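To keep things clear, I will list the structure first and then write my remarks on it.
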Amino acid sequence: MLHTFVALVQDKPGVLTRVASLFRRLSINIVSLTVGESEQADASRMTIVCEAHENAGHRIKASLYKLETTIHVDDVNRSEAVVRELCLIKVAAGPDSPHGLHSRSQVFELAQVFRARVVDLAPESIMLEMTGSASKIEGLIQVLRESNYHILEVSRTGRMAMRRGHHTNRVLKALGTTPGGLHPAHFPTLDPDALDPEETLPNEFDD
Amino acid sequence: MTSTNNNQHPTLTGAEILWASLAGEGTTTVFGYPGGAILPIYDALRKFPTIHHILVRHEQGASHMADGYARASGKVGVCMATSGPGATNLVTGLATAMLDSIPMVAITGQVSSKVLGSDAFQEVDITGITLPVTKHNFLVTRAEDIAPTIREAFQIARSGRPGPVLVDITKDAQQATAVYDFDAAAPAPARPHPMLKASSQSMREAIELIKQSKKPVILAGHGIVESGAEREVLALAESLQIPIATTLLGLGCIPAAHPLQLGMMGMHGESWVNNAIQEADLLLALGMRFDDRVTGNLASYSPSSKKIHIDIDPSEINKNVRVDVALIGDLKQVLQVLLPQLSPLSYRSAAEGSASSNPRESSWISEINASKGNAAVRDIINLPDNGHLYAAHVIHDIWQEAKAAGRLEQTIIVTDVGQHQMWEAQYFKHESPRSLVTSGGLGTMGFALPAAIGAKFACPEKDVWVVAGDGGFQMTASELSTIQQEGLAINIAVINNGFLGMVRQWQETFYDKNYSASPILSPDFVMLAAAHGMAGSNVSKRTDVIPTVTKARTSGKPHLINFSVEKEDGVYPMIAPGAALHEMVRRPKHDPLLETAEDA
């Protein structure tokens, strides 16, 4: 399953290598990794999405904390967070494109429905910018493909995540989350007192 | 040490700042090797007479010496090398220290910051190379950053779970000047690890599990020594009469002669130790990490026991073995909280010294003791002397000799890796912590000789023995010359069987006796010692062992003893890879060693 970690790390050369190397060593594939400035002057915030076993969260979080450059780690998997991604899509929209001269107006309409913005207009192409959940972006790309548009280029930032603030139980219920899961200082999946009985463990003795 | 300004804070070169910072952190001994990119640092060395620098013969030796120094003393070991090949030669030693959680700081010279990344002469990306084998590393390009970085490096090396830290310093940073203020360079106090957790709830669960258990076993690891929790562990074991099984690196943390000390567990652990773990209903894992060499097949590891794991590293929890309760924190601190809550449970009051009032408890101990007696009869130590020399005899006699001379507490054994290492663990009874220095996690051949030099510098008043095989000894034998240059009285026991013994044993057991590349020709080690101006003896008879050992120990000078031992001897018991802990290959009933003797 996909795991999402939000890590606050020191803003120094080589920190990204340390984080990336940790996943390499655990033989876990990084699906996306975004990094940028945070509210603290000397710290960057990373959102790391990786494909790993359902119960690998504790081990990954503990390993991230072993890096001296890590300030804070939050595993936002099982609790509600706002997750966003930015995507740029360049679509062929010249007279020779599959939909010919109609391409432009049709792409404009599609963009409107998906709340994407047109950010560049060239004789042969249109560039769209879209922010949203990964599934919404997948949706636009899928519609473009199925409508026989020629996608020239796609560039995606990968996911950014931020834990939601405190909410009343009623809101949490509406969001489909249990009340305990949202407390910012609480790490529901990582509390060693509540060790996950299903946690993945190697079973073979390697020679 | 030139001009002074800023309220008596001197302006120094980066090289001088390095030495001053090292001295400020309490460093008195540095193992190293000079070269182009670290020459400014070596040039400044003479201004710091409190620091003794030991010129090694290979940088790998420097890293193992710093490691041996740290293991024997508990202080941070320091080694030094130049850029490029000097730095890469440290890598094996860093990895050795990393796997065994040894506090160490390695300093490397680096090409000038202006040419970084240009493939300059002797340039290598050593912070990139050592990233996975250090706890942390730094690249320093400015003189003013040297003091804060060195201080932070020492803090990282010794805090939490200790480990090696590498500081790479460019040549221009060594040559530039900066104001030196040791106190202002202090790192922010180490933040408590956010995942440290020994809540009252998990404490209660742990106490409940201990209360309910009838067959508990303590698994004692290296963390006990690192945390200095020997007394607390002993108090826990004695108050509740819990037997103790020890990892290789935990040997000595509880005296071998203690009635509750069972001995080493794992692949070459004695049968009663491993059987006790398999039959236990509670494992108390203290500062150990369930390495594959101690668990055997995980699927069948101690199947009916509840498990409590106390460790400072949260990433070790549930890594190999799933546990029921985890108390994450410094072992000594956790036990100090846990012990008073357990004292009402005591089956036996320490003050009264009376026998156990809990019949189940005493039956568990006697059950283990009964199986011990059965296994001990096959112990080759108990076999009659048949004229052949066995490695186990040699180890046993070195121990006996030290014991008879009352020097046991004053003896440090530094082993290499292989059969002799396991025999040492089985037959040398360690009574005090830090009396065995051995590479456990990485299993680094060539470790013993340089690590012993480090241990001797840490504890000059102690008798330091190198116990090495003929294979591993040849990997770093060049350091014999370092021993002579430094005038160290280190004794060396080469257990010489003409084979890479452990490789040969595996080939015998798992590869149909195909002794591929395991027979090894050695030089005449006594002549090699003589070439270094060192005394030496050849021993091939049991009766000569103790007199020669005494002669070496009391000579006050280095002495190499070449023990020619039985060639095709095996370490038993042995658990095959993939087998369960109780499925061990026992010492042969019809001992082939005896048959060999009859043939002769």
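Residues in the structure tokens are numbered from 1 in each chain, the chains being A, B, ... in the order shown, and ligands are numbered from 1 in the order shown.
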
Pick out the chain B residues within 9 Å of chain A. Count only C-alpha atoms. Give them as a VMD selection string. chain B and resid 128 131 to 132 135 to 136 156 193 to 195 197 to 199 201 to 202 292 295 to 299 313 to 328 577 to 579

How about saving the chosen residues, N, CA and C atoms kept, as a short mmCIF file (atom, residue, chain, number, x, y, z; two decimals), in the first residue's frame?
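Contents of the output file out17.cif:
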```
data_model
loop_
_atom_site.label_atom_id
_atom_site.label_comp_id
_atom_site.auth_asym_id
_atom_site.auth_seq_id
_atom_site.Cartn_x
_atom_site.Cartn_y
_atom_site.Cartn_z
N GLY B 128 29.98 10.67 0.87
CA GLY B 128 29.03 9.85 0.11
C GLY B 128 29.28 8.37 0.34
N LEU B 131 28.26 7.15 3.92
CA LEU B 131 26.90 7.45 4.39
C LEU B 131 26.20 6.26 5.07
N PRO B 132 26.24 5.05 4.46
CA PRO B 132 25.52 3.95 5.13
C PRO B 132 26.32 3.28 6.24
N LYS B 135 27.12 6.71 11.66
CA LYS B 135 25.89 7.20 12.26
C LYS B 135 25.55 8.56 11.65
N HIS B 136 26.60 9.33 11.37
CA HIS B 136 26.43 10.61 10.69
C HIS B 136 27.78 11.01 10.15
N ILE B 156 27.17 13.14 18.91
CA ILE B 156 26.41 12.14 18.15
C ILE B 156 27.02 10.75 18.40
N HIS B 193 14.85 11.51 21.88
CA HIS B 193 14.26 10.93 20.67
C HIS B 193 12.74 10.94 20.80
N PRO B 194 12.05 11.48 19.78
CA PRO B 194 10.59 11.59 19.89
C PRO B 194 9.88 10.25 20.04
N MET B 195 10.57 9.18 19.67
CA MET B 195 9.89 7.88 19.76
C MET B 195 10.29 7.10 21.00
N LYS B 197 9.99 5.62 24.38
CA LYS B 197 8.70 5.37 24.99
C LYS B 197 8.79 4.28 26.03
N ALA B 198 8.61 4.65 27.26
CA ALA B 198 8.52 3.65 28.31
C ALA B 198 7.39 4.12 29.22
N SER B 199 6.19 4.16 28.67
CA SER B 199 5.06 4.72 29.39
C SER B 199 4.66 3.83 30.55
N GLN B 201 1.88 2.67 31.10
CA GLN B 201 1.01 1.59 30.62
C GLN B 201 1.85 0.40 30.16
N SER B 202 2.89 0.65 29.36
CA SER B 202 3.71 -0.49 28.90
C SER B 202 4.52 -1.07 30.05
N ASP B 292 20.42 -12.47 13.40
CA ASP B 292 20.12 -13.81 12.86
C ASP B 292 21.04 -14.87 13.45
N THR B 295 19.11 -15.96 16.69
CA THR B 295 17.73 -16.45 16.67
C THR B 295 17.57 -17.77 15.92
N GLY B 296 18.47 -18.08 14.98
CA GLY B 296 18.19 -19.21 14.09
C GLY B 296 16.94 -18.89 13.30
N ASN B 297 16.23 -19.92 12.89
CA ASN B 297 15.02 -19.73 12.09
C ASN B 297 13.97 -18.95 12.88
N LEU B 298 13.56 -17.80 12.32
CA LEU B 298 12.65 -16.93 13.06
C LEU B 298 11.28 -17.55 13.26
N ALA B 299 10.86 -18.36 12.31
CA ALA B 299 9.51 -18.93 12.37
C ALA B 299 9.36 -19.85 13.58
N ASP B 313 16.92 1.95 20.56
CA ASP B 313 16.70 2.25 19.15
C ASP B 313 15.32 1.76 18.72
N PRO B 314 14.37 2.69 18.47
CA PRO B 314 13.01 2.27 18.12
C PRO B 314 12.95 1.43 16.84
N SER B 315 13.94 1.61 15.95
CA SER B 315 13.88 0.86 14.69
C SER B 315 14.23 -0.61 14.89
N GLU B 316 14.71 -0.97 16.08
CA GLU B 316 14.98 -2.39 16.35
C GLU B 316 13.73 -3.13 16.80
N ILE B 317 12.71 -2.38 17.22
CA ILE B 317 11.50 -3.02 17.73
C ILE B 317 10.76 -3.69 16.58
N ASN B 318 10.47 -4.97 16.76
CA ASN B 318 9.73 -5.75 15.75
C ASN B 318 10.47 -5.88 14.43
N LYS B 319 11.79 -5.63 14.43
CA LYS B 319 12.53 -5.74 13.18
C LYS B 319 12.67 -7.20 12.76
N ASN B 320 13.12 -8.03 13.69
CA ASN B 320 13.31 -9.46 13.39
C ASN B 320 12.30 -10.33 14.12
N VAL B 321 12.06 -10.00 15.37
CA VAL B 321 11.18 -10.82 16.20
C VAL B 321 10.06 -9.93 16.73
N ARG B 322 8.84 -10.40 16.59
CA ARG B 322 7.69 -9.62 17.05
C ARG B 322 7.63 -9.69 18.58
N VAL B 323 7.50 -8.55 19.21
CA VAL B 323 7.49 -8.55 20.67
C VAL B 323 6.13 -8.10 21.19
N ASP B 324 5.87 -8.42 22.46
CA ASP B 324 4.58 -8.09 23.06
C ASP B 324 4.59 -6.72 23.72
N VAL B 325 5.71 -6.41 24.36
CA VAL B 325 5.84 -5.10 24.99
C VAL B 325 7.21 -4.53 24.64
N ALA B 326 7.24 -3.27 24.23
CA ALA B 326 8.51 -2.60 23.94
C ALA B 326 8.67 -1.42 24.87
N LEU B 327 9.81 -1.36 25.54
CA LEU B 327 10.15 -0.20 26.36
C LEU B 327 11.35 0.43 25.68
N ILE B 328 11.14 1.60 25.08
CA ILE B 328 12.19 2.20 24.27
C ILE B 328 12.86 3.31 25.08
N PRO B 577 22.34 -22.76 9.22
CA PRO B 577 21.50 -21.64 8.78
C PRO B 577 20.11 -22.14 8.38
N GLY B 578 19.09 -21.50 8.88
CA GLY B 578 17.73 -21.91 8.54
C GLY B 578 17.13 -22.89 9.54
N ALA B 579 17.99 -23.48 10.38
CA ALA B 579 17.47 -24.44 11.36
C ALA B 579 16.99 -23.69 12.60
#
```

Do you know which residues are at most 8 Å from A:Val118 counting only C-alpha atoms, after dropping those on the same chain fewer than 6 positions away, and could you put them as a ChimeraX atom specification? /A:108,111,126-129

Pull N, CA and C atoms from the residues just selected and write them as a PDB file, in the first residue's frame.
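Output file out39.pdb follows:
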```pdb
ATOM      1  N   PHE A 108     -10.320  23.921 -23.859  1.00  0.00           N
ATOM      2  CA  PHE A 108     -10.764  24.959 -22.921  1.00  0.00           C
ATOM      3  C   PHE A 108     -11.935  24.475 -22.090  1.00  0.00           C
ATOM      4  N   ALA A 111     -10.892  21.895 -19.569  1.00  0.00           N
ATOM      5  CA  ALA A 111     -10.139  22.540 -18.495  1.00  0.00           C
ATOM      6  C   ALA A 111     -11.096  23.169 -17.497  1.00  0.00           C
ATOM      7  N   ILE A 126      -1.345  23.571 -26.221  1.00  0.00           N
ATOM      8  CA  ILE A 126      -1.897  24.287 -25.065  1.00  0.00           C
ATOM      9  C   ILE A 126      -1.299  23.643 -23.822  1.00  0.00           C
ATOM     10  N   MET A 127      -0.935  24.493 -22.842  1.00  0.00           N
ATOM     11  CA  MET A 127      -0.480  23.915 -21.585  1.00  0.00           C
ATOM     12  C   MET A 127      -1.495  24.171 -20.493  1.00  0.00           C
ATOM     13  N   LEU A 128      -1.844  23.089 -19.741  1.00  0.00           N
ATOM     14  CA  LEU A 128      -2.809  23.201 -18.650  1.00  0.00           C
ATOM     15  C   LEU A 128      -2.092  23.032 -17.325  1.00  0.00           C
ATOM     16  N   GLU A 129      -2.575  23.782 -16.357  1.00  0.00           N
ATOM     17  CA  GLU A 129      -2.049  23.625 -14.999  1.00  0.00           C
ATOM     18  C   GLU A 129      -3.198  23.180 -14.119  1.00  0.00           C
TER      19      GLU A 129
END
```

Just list as a PyMOL selection string whatever in stretch 62-251 of chain B DSSP marks as strand (DSSP E or B). chain B and resi 77-81+104-110+136-140+164-170+177-179+197+216-220+244-246

Would you pick out the contacts of B:Gln175 at 6 Å or less, using only C-alpha atoms, so that residues sharing its chain but fewer than 2 positions from it are not included, and give the list as a PDB file with C-alpha atoms, in the first residue's frame?
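What ended up in around.pdb:
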```
ATOM      1  CA  THR B  13      44.341  27.884  12.058  1.00  0.00           C
ATOM      2  CA  GLY B  14      41.707  25.279  11.269  1.00  0.00           C
ATOM      3  CA  ASP B 172      41.836  25.151   2.839  1.00  0.00           C
ATOM      4  CA  ALA B 173      39.670  24.928   5.979  1.00  0.00           C
TER       5      ALA B 173
END
```

What lies within 10 Å of B:Val565 using only C-alpha atoms, ignoring chain neighbours under 3 positions off, as a PDB file with C-alpha atoms, in the first residue's frame?
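Final file, selection27.pdb:
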```
ATOM      1  CA  HIS B 388      47.008 -33.500  20.487  1.00  0.00           C
ATOM      2  CA  LEU B 389      46.624 -29.757  20.816  1.00  0.00           C
ATOM      3  CA  TYR B 390      43.145 -28.372  20.267  1.00  0.00           C
ATOM      4  CA  ALA B 391      42.260 -24.720  19.940  1.00  0.00           C
ATOM      5  CA  ALA B 392      39.722 -25.101  22.726  1.00  0.00           C
ATOM      6  CA  HIS B 393      42.517 -26.329  25.012  1.00  0.00           C
ATOM      7  CA  VAL B 394      44.611 -23.285  24.180  1.00  0.00           C
ATOM      8  CA  VAL B 494      47.958 -17.315  16.736  1.00  0.00           C
ATOM      9  CA  ILE B 495      45.654 -20.337  16.565  1.00  0.00           C
ATOM     10  CA  ASN B 496      47.269 -21.935  13.550  1.00  0.00           C
ATOM     11  CA  ASN B 497      45.450 -24.811  11.839  1.00  0.00           C
ATOM     12  CA  GLY B 498      46.528 -24.225   8.239  1.00  0.00           C
ATOM     13  CA  VAL B 539      53.727 -24.542  20.885  1.00  0.00           C
ATOM     14  CA  SER B 540      52.277 -27.833  19.682  1.00  0.00           C
ATOM     15  CA  LYS B 541      51.887 -29.792  22.960  1.00  0.00           C
ATOM     16  CA  ARG B 542      49.248 -29.269  25.601  1.00  0.00           C
ATOM     17  CA  ASN B 562      52.215 -19.800  17.381  1.00  0.00           C
ATOM     18  CA  GLU B 568      40.213 -30.232  10.976  1.00  0.00           C
ATOM     19  CA  ASP B 569      38.523 -29.393  14.245  1.00  0.00           C
TER      20      ASP B 569
END
```

Rank A:Ala116, A:Asp11, A:Cys50, A:Glu80 by their smallest atom-to-atom distance to A:Asn29, using only C-alpha atoms, and report the top residue only.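 Smallest distance to A:Asn29 is found for A:Cys50.
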
Atomic distance atom CA of B:Leu22 - atom CA of B:Thr141, expressed in Å with one decimal: 17.9 Å

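Near A:Ser125, within 6 Å and counting only C-alpha atoms, sit A:Val91, A:Ala92, A:Ala93, A:Ala122, not including residues fewer than 3 positions from it in the same chain.
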
Mind checking which residues fall within 8 Å of A:Ile28, counting only C-alpha atoms, ignoring those fewer than 2 positions away in the same chain, and posting them as a count of residues only? 8

Take atom CA of A:His99 and atom CA of A:Tyr149 and report the distance between them in Å, one decimal. 7.3 Å

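Take atom CA of B:Pro588 and atom CA of B:Ser366: the distance between them is 25.2 Å.
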
As an MDAnalysis selection string, please: all residues of stretch 25-103 of chain B that backbone DSSP puts in alpha helix (DSSP H). chainID B and resid 39:44 59:73 85:88 91:99

Can you list, as a PyMOL selection string, every protein, DNA or RNA residue that comes within 7 Å of A:Val76 when you count only C-alpha atoms, leaving out same-chain residues fewer than 6 positions away? chain A and resi 4-5+163
